[in-house]
$ cat input-v7.cif   # mmCIF, N, CA and C atoms
data_upload
#
loop_
_atom_site.label_atom_id
_atom_site.label_comp_id
_atom_site.auth_asym_id
_atom_site.auth_seq_id
_atom_site.Cartn_x
_atom_site.Cartn_y
_atom_site.Cartn_z
N MET J 13 12.10 -4.97 10.25
CA MET J 13 10.88 -4.33 10.74
C MET J 13 9.79 -5.40 10.83
N LEU J 14 9.17 -5.47 11.96
CA LEU J 14 8.06 -6.40 12.18
C LEU J 14 6.75 -5.67 11.86
N LEU J 15 6.00 -6.23 10.92
CA LEU J 15 4.74 -5.60 10.53
C LEU J 15 3.64 -6.01 11.50
N GLU J 16 2.89 -5.03 11.96
CA GLU J 16 1.73 -5.32 12.80
C GLU J 16 0.60 -5.79 11.90
N ARG J 17 0.20 -7.04 12.11
CA ARG J 17 -0.83 -7.63 11.26
C ARG J 17 -2.16 -7.67 12.00
N PHE J 18 -3.21 -7.55 11.20
CA PHE J 18 -4.57 -7.58 11.73
C PHE J 18 -5.37 -8.60 10.93
N LYS J 19 -6.42 -9.11 11.54
CA LYS J 19 -7.33 -10.00 10.85
C LYS J 19 -7.97 -9.23 9.68
N PHE J 20 -8.17 -9.93 8.57
CA PHE J 20 -8.77 -9.31 7.38
C PHE J 20 -10.26 -9.19 7.61
N GLU J 21 -10.66 -8.03 8.11
CA GLU J 21 -12.07 -7.78 8.41
C GLU J 21 -12.27 -6.27 8.53
N LYS J 22 -13.53 -5.88 8.52
CA LYS J 22 -13.87 -4.47 8.68
C LYS J 22 -13.45 -4.01 10.06
N ARG J 23 -12.89 -2.81 10.11
CA ARG J 23 -12.43 -2.22 11.37
C ARG J 23 -13.11 -0.88 11.57
N TYR J 24 -13.01 -0.36 12.76
CA TYR J 24 -13.59 0.95 13.03
C TYR J 24 -12.73 2.08 12.47
N TRP J 25 -11.44 1.78 12.15
CA TRP J 25 -10.51 2.79 11.69
C TRP J 25 -9.36 2.12 10.95
N TYR J 26 -8.88 2.78 9.91
CA TYR J 26 -7.74 2.29 9.13
C TYR J 26 -6.69 3.38 9.12
N PRO J 27 -5.47 3.10 9.59
CA PRO J 27 -4.44 4.13 9.70
C PRO J 27 -4.14 4.83 8.37
N ASN J 28 -4.21 6.13 8.38
CA ASN J 28 -3.82 7.00 7.27
C ASN J 28 -4.77 6.93 6.06
N PHE J 29 -5.92 6.27 6.18
CA PHE J 29 -6.87 6.23 5.07
C PHE J 29 -7.70 7.51 5.04
N LYS J 30 -7.92 8.02 3.85
CA LYS J 30 -8.88 9.10 3.66
C LYS J 30 -10.25 8.46 3.50
N THR J 31 -11.30 9.26 3.54
CA THR J 31 -12.66 8.74 3.46
C THR J 31 -12.88 7.89 2.22
N GLY J 32 -12.43 8.36 1.06
CA GLY J 32 -12.60 7.61 -0.18
C GLY J 32 -11.90 6.27 -0.16
N GLU J 33 -10.73 6.22 0.44
CA GLU J 33 -9.99 4.96 0.54
C GLU J 33 -10.69 3.99 1.48
N THR J 34 -11.23 4.51 2.57
CA THR J 34 -11.97 3.67 3.52
C THR J 34 -13.18 3.04 2.84
N LEU J 35 -13.95 3.83 2.11
CA LEU J 35 -15.13 3.32 1.42
C LEU J 35 -14.75 2.26 0.38
N LEU J 36 -13.68 2.53 -0.36
CA LEU J 36 -13.21 1.58 -1.37
C LEU J 36 -12.75 0.27 -0.71
N TRP J 37 -11.97 0.38 0.37
CA TRP J 37 -11.46 -0.80 1.06
C TRP J 37 -12.60 -1.63 1.64
N GLU J 38 -13.57 -0.98 2.24
CA GLU J 38 -14.69 -1.73 2.82
C GLU J 38 -15.55 -2.39 1.75
N ARG J 39 -15.63 -1.77 0.59
CA ARG J 39 -16.33 -2.42 -0.52
C ARG J 39 -15.56 -3.66 -0.98
N PHE J 40 -14.23 -3.54 -1.02
CA PHE J 40 -13.39 -4.70 -1.36
C PHE J 40 -13.57 -5.81 -0.33
N LEU J 41 -13.57 -5.45 0.94
CA LEU J 41 -13.77 -6.44 2.02
C LEU J 41 -15.09 -7.20 1.85
N GLU J 42 -16.14 -6.48 1.51
CA GLU J 42 -17.44 -7.11 1.32
C GLU J 42 -17.47 -8.01 0.10
N LYS J 43 -16.84 -7.57 -0.97
CA LYS J 43 -16.87 -8.31 -2.23
C LYS J 43 -15.93 -9.53 -2.21
N TYR J 44 -14.82 -9.43 -1.49
CA TYR J 44 -13.81 -10.49 -1.45
C TYR J 44 -13.47 -10.84 0.00
N PRO J 45 -14.41 -11.41 0.75
CA PRO J 45 -14.18 -11.67 2.18
C PRO J 45 -13.10 -12.70 2.49
N ASP J 46 -12.70 -13.48 1.51
CA ASP J 46 -11.67 -14.49 1.73
C ASP J 46 -10.36 -14.18 1.02
N ALA J 47 -10.19 -12.95 0.57
CA ALA J 47 -9.01 -12.58 -0.20
C ALA J 47 -7.72 -12.74 0.61
N TYR J 48 -7.78 -12.40 1.88
CA TYR J 48 -6.59 -12.45 2.73
C TYR J 48 -6.95 -13.02 4.09
N ASP J 49 -5.92 -13.51 4.78
CA ASP J 49 -6.09 -13.94 6.17
C ASP J 49 -5.77 -12.78 7.11
N GLU J 50 -4.69 -12.08 6.77
CA GLU J 50 -4.23 -10.95 7.59
C GLU J 50 -3.81 -9.80 6.69
N VAL J 51 -3.79 -8.62 7.27
CA VAL J 51 -3.35 -7.42 6.56
C VAL J 51 -2.52 -6.55 7.50
N ALA J 52 -1.68 -5.72 6.89
CA ALA J 52 -0.94 -4.68 7.62
C ALA J 52 -1.27 -3.37 6.93
N TYR J 53 -1.40 -2.31 7.71
CA TYR J 53 -1.80 -1.01 7.18
C TYR J 53 -0.71 0.05 7.37
N ASN J 54 -0.66 0.99 6.43
CA ASN J 54 0.18 2.18 6.56
C ASN J 54 1.64 1.81 6.82
N ILE J 55 2.21 1.00 5.94
CA ILE J 55 3.57 0.50 6.12
C ILE J 55 4.55 1.53 5.58
N LYS J 56 5.41 2.02 6.45
CA LYS J 56 6.39 3.04 6.07
C LYS J 56 7.57 2.37 5.39
N VAL J 57 7.93 2.89 4.21
CA VAL J 57 9.06 2.36 3.46
C VAL J 57 9.92 3.51 2.95
N GLY J 58 11.15 3.21 2.63
CA GLY J 58 12.07 4.24 2.16
C GLY J 58 12.74 4.95 3.31
N GLU J 59 13.58 5.89 2.97
CA GLU J 59 14.37 6.62 3.98
C GLU J 59 13.70 7.90 4.43
N GLY J 60 12.79 8.42 3.64
CA GLY J 60 12.19 9.70 3.97
C GLY J 60 13.11 10.84 3.58
N ALA J 61 12.68 12.05 3.87
CA ALA J 61 13.47 13.25 3.55
C ALA J 61 14.66 13.36 4.50
N PRO J 62 15.72 14.01 4.03
CA PRO J 62 16.88 14.22 4.92
C PRO J 62 16.46 15.00 6.17
N ILE J 63 16.94 14.55 7.31
CA ILE J 63 16.61 15.19 8.58
C ILE J 63 17.53 16.40 8.76
N PRO J 64 16.96 17.56 9.02
CA PRO J 64 17.80 18.75 9.19
C PRO J 64 18.83 18.57 10.30
N GLU J 65 20.02 19.03 10.05
CA GLU J 65 21.11 18.92 11.02
C GLU J 65 20.73 19.62 12.32
N GLY J 66 21.06 18.98 13.43
CA GLY J 66 20.78 19.55 14.74
C GLY J 66 19.39 19.23 15.27
N THR J 67 18.62 18.45 14.54
CA THR J 67 17.27 18.09 14.99
C THR J 67 17.36 17.12 16.16
N GLU J 68 16.59 17.37 17.20
CA GLU J 68 16.59 16.48 18.36
C GLU J 68 16.14 15.08 17.94
N GLU J 69 16.67 14.07 18.64
CA GLU J 69 16.46 12.68 18.23
C GLU J 69 14.98 12.29 18.17
N ASN J 70 14.19 12.68 19.17
CA ASN J 70 12.77 12.31 19.18
C ASN J 70 12.01 12.99 18.04
N ILE J 71 12.39 14.20 17.70
CA ILE J 71 11.76 14.91 16.59
C ILE J 71 12.23 14.33 15.27
N ALA J 72 13.49 13.93 15.20
CA ALA J 72 14.04 13.35 13.98
C ALA J 72 13.29 12.07 13.60
N GLU J 73 12.97 11.23 14.55
CA GLU J 73 12.24 9.99 14.27
C GLU J 73 10.84 10.29 13.75
N ASP J 74 10.17 11.27 14.35
CA ASP J 74 8.84 11.67 13.85
C ASP J 74 8.94 12.26 12.45
N PHE J 75 9.97 13.06 12.20
CA PHE J 75 10.17 13.66 10.89
C PHE J 75 10.35 12.58 9.84
N LYS J 76 11.17 11.59 10.16
CA LYS J 76 11.41 10.50 9.22
C LYS J 76 10.08 9.81 8.88
N GLY J 77 9.31 9.46 9.89
CA GLY J 77 8.04 8.76 9.68
C GLY J 77 7.05 9.56 8.87
N LEU J 78 7.05 10.86 9.06
CA LEU J 78 6.14 11.73 8.31
C LEU J 78 6.51 11.86 6.84
N THR J 79 7.80 11.70 6.53
CA THR J 79 8.25 11.92 5.16
C THR J 79 8.50 10.63 4.38
N GLN J 80 8.38 9.49 5.03
CA GLN J 80 8.54 8.22 4.31
C GLN J 80 7.32 7.94 3.44
N ALA J 81 7.53 7.14 2.39
CA ALA J 81 6.42 6.64 1.58
C ALA J 81 5.63 5.66 2.44
N LYS J 82 4.33 5.56 2.17
CA LYS J 82 3.47 4.69 2.99
C LYS J 82 2.61 3.81 2.09
N ILE J 83 2.77 2.51 2.25
CA ILE J 83 1.96 1.55 1.53
C ILE J 83 0.61 1.48 2.22
N ASP J 84 -0.48 1.57 1.45
CA ASP J 84 -1.81 1.53 2.06
C ASP J 84 -2.03 0.23 2.83
N VAL J 85 -1.84 -0.91 2.14
CA VAL J 85 -2.14 -2.21 2.74
C VAL J 85 -1.17 -3.25 2.19
N ILE J 86 -0.79 -4.19 3.04
CA ILE J 86 -0.16 -5.41 2.58
C ILE J 86 -1.08 -6.55 3.01
N GLY J 87 -1.47 -7.37 2.04
CA GLY J 87 -2.35 -8.50 2.32
C GLY J 87 -1.57 -9.80 2.33
N PHE J 88 -1.94 -10.69 3.26
CA PHE J 88 -1.27 -11.97 3.40
C PHE J 88 -2.30 -13.10 3.32
N LYS J 89 -2.03 -14.07 2.47
CA LYS J 89 -2.89 -15.26 2.34
C LYS J 89 -1.95 -16.44 2.11
N ASN J 90 -1.89 -17.34 3.10
CA ASN J 90 -0.94 -18.46 3.05
C ASN J 90 0.45 -17.89 2.83
N GLU J 91 1.12 -18.27 1.76
CA GLU J 91 2.47 -17.77 1.48
C GLU J 91 2.45 -16.55 0.56
N LYS J 92 1.27 -16.13 0.14
CA LYS J 92 1.13 -15.02 -0.80
C LYS J 92 1.14 -13.68 -0.06
N MET J 93 1.80 -12.72 -0.68
CA MET J 93 1.86 -11.36 -0.13
C MET J 93 1.55 -10.38 -1.25
N ASP J 94 0.62 -9.45 -1.01
CA ASP J 94 0.27 -8.42 -1.99
C ASP J 94 0.51 -7.04 -1.40
N ILE J 95 1.20 -6.19 -2.15
CA ILE J 95 1.32 -4.78 -1.81
C ILE J 95 0.17 -4.09 -2.53
N ILE J 96 -0.68 -3.42 -1.75
CA ILE J 96 -1.95 -2.91 -2.27
C ILE J 96 -2.01 -1.39 -2.17
N GLU J 97 -2.40 -0.78 -3.27
CA GLU J 97 -2.65 0.66 -3.30
C GLU J 97 -4.12 0.87 -3.61
N LEU J 98 -4.77 1.70 -2.81
CA LEU J 98 -6.18 2.01 -2.98
C LEU J 98 -6.31 3.32 -3.74
N LYS J 99 -7.03 3.28 -4.85
CA LYS J 99 -7.19 4.47 -5.68
C LYS J 99 -8.66 4.64 -6.08
N PRO J 100 -9.42 5.43 -5.31
CA PRO J 100 -10.80 5.68 -5.72
C PRO J 100 -10.88 6.27 -7.13
N GLN J 101 -9.95 7.16 -7.48
CA GLN J 101 -9.82 7.69 -8.84
C GLN J 101 -8.44 7.29 -9.35
N LEU J 102 -8.42 6.36 -10.27
CA LEU J 102 -7.16 5.84 -10.81
C LEU J 102 -6.56 6.86 -11.77
N ARG J 103 -5.34 7.30 -11.48
CA ARG J 103 -4.64 8.29 -12.31
C ARG J 103 -3.39 7.66 -12.92
N LEU J 104 -2.82 8.35 -13.89
CA LEU J 104 -1.70 7.81 -14.64
C LEU J 104 -0.46 7.52 -13.80
N ASN J 105 -0.28 8.21 -12.68
CA ASN J 105 0.91 7.99 -11.85
C ASN J 105 0.79 6.76 -10.95
N ALA J 106 -0.38 6.17 -10.83
CA ALA J 106 -0.60 5.05 -9.90
C ALA J 106 0.32 3.86 -10.14
N PRO J 107 0.53 3.39 -11.38
CA PRO J 107 1.41 2.24 -11.57
C PRO J 107 2.84 2.50 -11.09
N ASN J 108 3.38 3.67 -11.40
CA ASN J 108 4.74 3.99 -10.95
C ASN J 108 4.82 4.12 -9.43
N GLN J 109 3.79 4.68 -8.84
CA GLN J 109 3.74 4.78 -7.37
C GLN J 109 3.79 3.39 -6.75
N LEU J 110 2.99 2.49 -7.27
CA LEU J 110 2.94 1.13 -6.73
C LEU J 110 4.26 0.40 -6.93
N LYS J 111 4.86 0.54 -8.10
CA LYS J 111 6.16 -0.10 -8.35
C LYS J 111 7.23 0.47 -7.42
N ALA J 112 7.16 1.78 -7.16
CA ALA J 112 8.12 2.40 -6.23
C ALA J 112 7.96 1.82 -4.83
N TYR J 113 6.72 1.62 -4.39
CA TYR J 113 6.51 1.01 -3.07
C TYR J 113 7.15 -0.37 -3.00
N GLY J 114 7.02 -1.15 -4.06
CA GLY J 114 7.64 -2.47 -4.08
C GLY J 114 9.15 -2.40 -3.94
N LYS J 115 9.77 -1.49 -4.68
CA LYS J 115 11.23 -1.33 -4.61
C LYS J 115 11.66 -0.85 -3.23
N LEU J 116 10.94 0.12 -2.68
CA LEU J 116 11.29 0.63 -1.36
C LEU J 116 11.08 -0.42 -0.27
N TYR J 117 10.05 -1.26 -0.42
CA TYR J 117 9.82 -2.33 0.55
C TYR J 117 11.02 -3.27 0.55
N LYS J 118 11.48 -3.65 -0.63
CA LYS J 118 12.64 -4.54 -0.72
C LYS J 118 13.89 -3.88 -0.13
N LYS J 119 14.05 -2.59 -0.36
CA LYS J 119 15.26 -1.90 0.13
C LYS J 119 15.25 -1.72 1.64
N THR J 120 14.11 -1.37 2.21
CA THR J 120 14.11 -0.99 3.62
C THR J 120 13.45 -1.97 4.57
N VAL J 121 12.74 -2.97 4.02
CA VAL J 121 12.06 -3.92 4.91
C VAL J 121 12.58 -5.33 4.71
N ASP J 122 12.48 -5.87 3.49
CA ASP J 122 12.86 -7.26 3.26
C ASP J 122 13.35 -7.45 1.82
N PRO J 123 14.67 -7.50 1.63
CA PRO J 123 15.22 -7.65 0.28
C PRO J 123 14.80 -8.96 -0.40
N ALA J 124 14.45 -9.96 0.37
CA ALA J 124 14.07 -11.26 -0.20
C ALA J 124 12.56 -11.40 -0.43
N ALA J 125 11.80 -10.37 -0.15
CA ALA J 125 10.34 -10.45 -0.25
C ALA J 125 9.90 -10.76 -1.68
N VAL J 126 8.89 -11.62 -1.77
CA VAL J 126 8.24 -11.93 -3.04
C VAL J 126 6.79 -11.50 -2.88
N PHE J 127 6.32 -10.65 -3.77
CA PHE J 127 4.97 -10.11 -3.61
C PHE J 127 4.36 -9.79 -4.96
N ASN J 128 3.07 -9.58 -4.95
CA ASN J 128 2.32 -9.09 -6.10
C ASN J 128 1.98 -7.63 -5.86
N LEU J 129 1.84 -6.88 -6.94
CA LEU J 129 1.42 -5.49 -6.86
C LEU J 129 -0.04 -5.41 -7.26
N VAL J 130 -0.86 -4.77 -6.41
CA VAL J 130 -2.31 -4.74 -6.63
C VAL J 130 -2.84 -3.32 -6.50
N LEU J 131 -3.60 -2.89 -7.50
CA LEU J 131 -4.33 -1.63 -7.44
C LEU J 131 -5.81 -1.97 -7.28
N ILE J 132 -6.44 -1.38 -6.28
CA ILE J 132 -7.88 -1.56 -6.09
C ILE J 132 -8.55 -0.22 -6.40
N THR J 133 -9.56 -0.27 -7.27
CA THR J 133 -10.24 0.95 -7.70
C THR J 133 -11.69 0.64 -8.05
N TYR J 134 -12.43 1.68 -8.38
CA TYR J 134 -13.83 1.52 -8.78
C TYR J 134 -13.97 1.26 -10.28
N ALA J 135 -13.08 1.84 -11.07
CA ALA J 135 -13.19 1.72 -12.53
C ALA J 135 -11.82 1.96 -13.15
N ILE J 136 -11.65 1.46 -14.39
CA ILE J 136 -10.39 1.68 -15.11
C ILE J 136 -10.72 2.09 -16.54
N SER J 137 -10.04 3.11 -16.99
CA SER J 137 -10.25 3.59 -18.36
C SER J 137 -9.42 2.76 -19.34
N VAL J 138 -9.73 2.88 -20.61
CA VAL J 138 -8.97 2.20 -21.65
C VAL J 138 -7.52 2.68 -21.63
N ASP J 139 -7.31 3.97 -21.41
CA ASP J 139 -5.94 4.49 -21.34
C ASP J 139 -5.16 3.87 -20.19
N MET J 140 -5.81 3.73 -19.04
CA MET J 140 -5.13 3.12 -17.89
C MET J 140 -4.83 1.65 -18.16
N GLU J 141 -5.73 0.95 -18.84
CA GLU J 141 -5.45 -0.44 -19.21
C GLU J 141 -4.18 -0.51 -20.06
N THR J 142 -4.03 0.43 -20.98
CA THR J 142 -2.84 0.48 -21.83
C THR J 142 -1.59 0.75 -21.01
N VAL J 143 -1.67 1.68 -20.07
CA VAL J 143 -0.53 2.03 -19.22
C VAL J 143 -0.11 0.85 -18.35
N ILE J 144 -1.07 0.14 -17.80
CA ILE J 144 -0.77 -0.94 -16.86
C ILE J 144 -0.37 -2.24 -17.55
N GLU J 145 -0.81 -2.42 -18.79
CA GLU J 145 -0.52 -3.66 -19.51
C GLU J 145 0.97 -3.98 -19.50
N GLY J 146 1.30 -5.18 -19.10
CA GLY J 146 2.70 -5.62 -19.08
C GLY J 146 3.51 -5.13 -17.90
N GLU J 147 2.90 -4.42 -16.97
CA GLU J 147 3.63 -3.86 -15.83
C GLU J 147 3.64 -4.80 -14.62
N GLY J 148 2.95 -5.93 -14.71
CA GLY J 148 2.94 -6.86 -13.58
C GLY J 148 2.09 -6.37 -12.42
N ILE J 149 1.06 -5.60 -12.74
CA ILE J 149 0.17 -5.05 -11.71
C ILE J 149 -1.22 -5.64 -11.91
N ASN J 150 -1.77 -6.16 -10.83
CA ASN J 150 -3.13 -6.71 -10.85
C ASN J 150 -4.10 -5.59 -10.45
N VAL J 151 -5.08 -5.34 -11.30
CA VAL J 151 -6.09 -4.32 -11.00
C VAL J 151 -7.36 -5.03 -10.59
N ILE J 152 -7.90 -4.64 -9.44
CA ILE J 152 -9.16 -5.20 -8.95
C ILE J 152 -10.17 -4.07 -8.93
N ILE J 153 -11.26 -4.27 -9.65
CA ILE J 153 -12.33 -3.28 -9.72
C ILE J 153 -13.47 -3.74 -8.81
N VAL J 154 -13.85 -2.86 -7.90
CA VAL J 154 -14.94 -3.22 -6.98
C VAL J 154 -16.14 -2.31 -7.17
#
$ encode --input "input-v7.cif" --output "structure tokens"
Amino acid sequence: MLLERFKFEKRYWYPNFKTGETLLWERFLEKYPDAYDEVAYNIKVGEGAPIPEGTEENIAEDFKGLTQAKIDVIGFKNEKMDIIELKPQLRLNAPNQLKAYGKLYKKTVDPAAVFNLVLITYAISVDMETVIEGEGINVIIV
């Protein structure tokens, strides 16, 4: 799968972002303008839900895309690659969600990929620090 990459800059629209994610991402862009050279948005990974038998081919492809997991952003800087999840409100399931995206990316996009896992949020609680500690996840607070 060839990822459509964009220049790391503010855009008029970000695929599949909710309002809170857009605000968080644009705050990150302002605070870290040199973090990445390029980014890819809304990257579909995994197999998605089983397609019902007898589904027409064009509908089956749409069904697959709708049910696949979607990585918010992948950031690229030189040889570095980050799988990024945007969480305006960081919840306990976020680390597992991000790790799952990494595994699915390797399974369905590039088995040889080397990347960092990054959570971008506004704040982190002491409990979340405990949950994330030792998980290999970089948390960026903006």
$ resolve_selection --input "input-v7.cif" --expression "the PyMOL selection byres ((chain J and resi 41-46) around 8)" --output "MDAnalysis selection string"
chainID J and resid 20:22 35:40 47:49 89 154
$ atom_distance --input "input-v7.cif" --atom1 "atom C of J:Glu65" --atom2 "atom N of J:Ala81"
20.7 Å
$ atom_distance --input "input-v7.cif" --atom1 "atom C of J:Lys119" --atom2 "atom N of J:Lys19"
24.9 Å
$ resolve_selection --input "input-v7.cif" --expression "the PyMOL selection byres (((chain J and resi 77 and name CA) around 10) and name CA)" --output "list in words"
Lys56, Val57, Gly58, Glu59, Gly60, Ala61, Ile71, Ala72, Glu73, Asp74, Phe75, Lys76, Leu78, Thr79, Gln80, Ala81 and Lys82 of chain J
$ write_last_selection --input "input-v7.cif" --atoms "N, CA and C atoms" --output "tab-separated table (two decimals), in the coordinates of the input"
chain	number	residue	atom	x	y	z
J	56	LYS	N	5.41	2.02	6.45
J	56	LYS	CA	6.39	3.04	6.07
J	56	LYS	C	7.57	2.37	5.39
J	57	VAL	N	7.93	2.89	4.21
J	57	VAL	CA	9.06	2.36	3.46
J	57	VAL	C	9.92	3.51	2.95
J	58	GLY	N	11.15	3.21	2.63
J	58	GLY	CA	12.07	4.24	2.16
J	58	GLY	C	12.74	4.95	3.31
J	59	GLU	N	13.58	5.89	2.97
J	59	GLU	CA	14.37	6.62	3.98
J	59	GLU	C	13.70	7.90	4.43
J	60	GLY	N	12.79	8.42	3.64
J	60	GLY	CA	12.19	9.70	3.97
J	60	GLY	C	13.11	10.84	3.58
J	61	ALA	N	12.68	12.05	3.87
J	61	ALA	CA	13.47	13.25	3.55
J	61	ALA	C	14.66	13.36	4.50
J	71	ILE	N	12.39	14.20	17.70
J	71	ILE	CA	11.76	14.91	16.59
J	71	ILE	C	12.23	14.33	15.27
J	72	ALA	N	13.49	13.93	15.20
J	72	ALA	CA	14.04	13.35	13.98
J	72	ALA	C	13.29	12.07	13.60
J	73	GLU	N	12.97	11.23	14.55
J	73	GLU	CA	12.24	9.99	14.27
J	73	GLU	C	10.84	10.29	13.75
J	74	ASP	N	10.17	11.27	14.35
J	74	ASP	CA	8.84	11.67	13.85
J	74	ASP	C	8.94	12.26	12.45
J	75	PHE	N	9.97	13.06	12.20
J	75	PHE	CA	10.17	13.66	10.89
J	75	PHE	C	10.35	12.58	9.84
J	76	LYS	N	11.17	11.59	10.16
J	76	LYS	CA	11.41	10.50	9.22
J	76	LYS	C	10.08	9.81	8.88
J	78	LEU	N	7.05	10.86	9.06
J	78	LEU	CA	6.14	11.73	8.31
J	78	LEU	C	6.51	11.86	6.84
J	79	THR	N	7.80	11.70	6.53
J	79	THR	CA	8.25	11.92	5.16
J	79	THR	C	8.50	10.63	4.38
J	80	GLN	N	8.38	9.49	5.03
J	80	GLN	CA	8.54	8.22	4.31
J	80	GLN	C	7.32	7.94	3.44
J	81	ALA	N	7.53	7.14	2.39
J	81	ALA	CA	6.42	6.64	1.58
J	81	ALA	C	5.63	5.66	2.44
J	82	LYS	N	4.33	5.56	2.17
J	82	LYS	CA	3.47	4.69	2.99
J	82	LYS	C	2.61	3.81	2.09
$ residues_around --input "input-v7.cif" --residues "J:Ile55" --least-positions-apart "3" --cutoff "7 Å" --atoms "only N, CA and C atoms" --output "count of residues only"
7
$ residues_around --input "input-v7.cif" --residues "J:Thr120" --least-positions-apart "2" --cutoff "7 Å" --atoms "all atoms listed in the file" --output "list in words"
Met13, Val57, Gly58, Glu59, Lys115, Leu116, Tyr117, Lys118, Asp122 and Pro123 of chain J
$ select_by_dssp --input "input-v7.cif" --residues "chain J" --states "strand (DSSP E or B)" --output "VMD selection string"
chain J and resid 18 to 19 50 to 57 81 to 89 92 to 99 128 to 133 149 to 153
$ residues_around --input "input-v7.cif" --residues "J:Tyr134" --least-positions-apart "5" --cutoff "8 Å" --atoms "all atoms listed in the file" --output "mmCIF file with N, CA and C atoms, in the coordinates of the input"
data_model
loop_
_atom_site.group_PDB
_atom_site.id
_atom_site.type_symbol
_atom_site.label_atom_id
_atom_site.label_comp_id
_atom_site.auth_asym_id
_atom_site.auth_seq_id
_atom_site.Cartn_x
_atom_site.Cartn_y
_atom_site.Cartn_z
ATOM 1 N N LEU J 36 -13.680 2.530 -0.360
ATOM 2 C CA LEU J 36 -13.210 1.580 -1.370
ATOM 3 C C LEU J 36 -12.750 0.270 -0.710
ATOM 4 N N LEU J 98 -4.770 1.700 -2.810
ATOM 5 C CA LEU J 98 -6.180 2.010 -2.980
ATOM 6 C C LEU J 98 -6.310 3.320 -3.740
ATOM 7 N N LYS J 99 -7.030 3.280 -4.850
ATOM 8 C CA LYS J 99 -7.190 4.470 -5.680
ATOM 9 C C LYS J 99 -8.660 4.640 -6.080
ATOM 10 N N PRO J 100 -9.420 5.430 -5.310
ATOM 11 C CA PRO J 100 -10.800 5.680 -5.720
ATOM 12 C C PRO J 100 -10.880 6.270 -7.130
ATOM 13 N N GLN J 101 -9.950 7.160 -7.480
ATOM 14 C CA GLN J 101 -9.820 7.690 -8.840
ATOM 15 C C GLN J 101 -8.440 7.290 -9.350
ATOM 16 N N LEU J 102 -8.420 6.360 -10.270
ATOM 17 C CA LEU J 102 -7.160 5.840 -10.810
ATOM 18 C C LEU J 102 -6.560 6.860 -11.770
ATOM 19 N N ILE J 152 -7.900 -4.640 -9.440
ATOM 20 C CA ILE J 152 -9.160 -5.200 -8.950
ATOM 21 C C ILE J 152 -10.170 -4.070 -8.930
ATOM 22 N N ILE J 153 -11.260 -4.270 -9.650
ATOM 23 C CA ILE J 153 -12.330 -3.280 -9.720
ATOM 24 C C ILE J 153 -13.470 -3.740 -8.810
ATOM 25 N N VAL J 154 -13.850 -2.860 -7.900
ATOM 26 C CA VAL J 154 -14.940 -3.220 -6.980
ATOM 27 C C VAL J 154 -16.140 -2.310 -7.170
#
$ atom_distance --input "input-v7.cif" --atom1 "atom CA of J:Leu110" --atom2 "atom CA of J:Leu129"
6.8 Å
$ axis_aligned_box --input "input-v7.cif" --around "stretch 57-61 of chain J" --padding-each-side "4 Å" --output "lines of an AutoDock Vina configuration file"
center_x = 11.3
center_y = 7.9
center_z = 3.3
size_x = 14.7
size_y = 19.0
size_z = 10.3
$ resolve_selection --input "input-v7.cif" --expression "the PyMOL selection byres ((chain J and resi 95) around 6)" --output "PyMOL selection string"
chain J and resi 85-87+93-94+96-97+127-130
$ write_last_selection --input "input-v7.cif" --atoms "N, CA and C atoms" --output "PDB file, in the frame of the given file"
ATOM      1  N   VAL J  85      -1.840  -0.910   2.140  1.00  0.00           N
ATOM      2  CA  VAL J  85      -2.140  -2.210   2.740  1.00  0.00           C
ATOM      3  C   VAL J  85      -1.170  -3.250   2.190  1.00  0.00           C
ATOM      4  N   ILE J  86      -0.790  -4.190   3.040  1.00  0.00           N
ATOM      5  CA  ILE J  86      -0.160  -5.410   2.580  1.00  0.00           C
ATOM      6  C   ILE J  86      -1.080  -6.550   3.010  1.00  0.00           C
ATOM      7  N   GLY J  87      -1.470  -7.370   2.040  1.00  0.00           N
ATOM      8  CA  GLY J  87      -2.350  -8.500   2.320  1.00  0.00           C
ATOM      9  C   GLY J  87      -1.570  -9.800   2.330  1.00  0.00           C
ATOM     10  N   MET J  93       1.800 -12.720  -0.680  1.00  0.00           N
ATOM     11  CA  MET J  93       1.860 -11.360  -0.130  1.00  0.00           C
ATOM     12  C   MET J  93       1.550 -10.380  -1.250  1.00  0.00           C
ATOM     13  N   ASP J  94       0.620  -9.450  -1.010  1.00  0.00           N
ATOM     14  CA  ASP J  94       0.270  -8.420  -1.990  1.00  0.00           C
ATOM     15  C   ASP J  94       0.510  -7.040  -1.400  1.00  0.00           C
ATOM     16  N   ILE J  96      -0.680  -3.420  -1.750  1.00  0.00           N
ATOM     17  CA  ILE J  96      -1.950  -2.910  -2.270  1.00  0.00           C
ATOM     18  C   ILE J  96      -2.010  -1.390  -2.170  1.00  0.00           C
ATOM     19  N   GLU J  97      -2.400  -0.780  -3.270  1.00  0.00           N
ATOM     20  CA  GLU J  97      -2.650   0.660  -3.300  1.00  0.00           C
ATOM     21  C   GLU J  97      -4.120   0.870  -3.610  1.00  0.00           C
ATOM     22  N   PHE J 127       6.320 -10.650  -3.770  1.00  0.00           N
ATOM     23  CA  PHE J 127       4.970 -10.110  -3.610  1.00  0.00           C
ATOM     24  C   PHE J 127       4.360  -9.790  -4.960  1.00  0.00           C
ATOM     25  N   ASN J 128       3.070  -9.580  -4.950  1.00  0.00           N
ATOM     26  CA  ASN J 128       2.320  -9.090  -6.100  1.00  0.00           C
ATOM     27  C   ASN J 128       1.980  -7.630  -5.860  1.00  0.00           C
ATOM     28  N   LEU J 129       1.840  -6.880  -6.940  1.00  0.00           N
ATOM     29  CA  LEU J 129       1.420  -5.490  -6.860  1.00  0.00           C
ATOM     30  C   LEU J 129      -0.040  -5.410  -7.260  1.00  0.00           C
ATOM     31  N   VAL J 130      -0.860  -4.770  -6.410  1.00  0.00           N
ATOM     32  CA  VAL J 130      -2.310  -4.740  -6.630  1.00  0.00           C
ATOM     33  C   VAL J 130      -2.840  -3.320  -6.500  1.00  0.00           C
TER      34      VAL J 130
END
$ closest_residue --input "input-v7.cif" --among "J:Pro27, J:Pro107, J:Gly32, J:Pro62" --to "J:Val143" --atoms "only C-alpha atoms"
J:Pro107
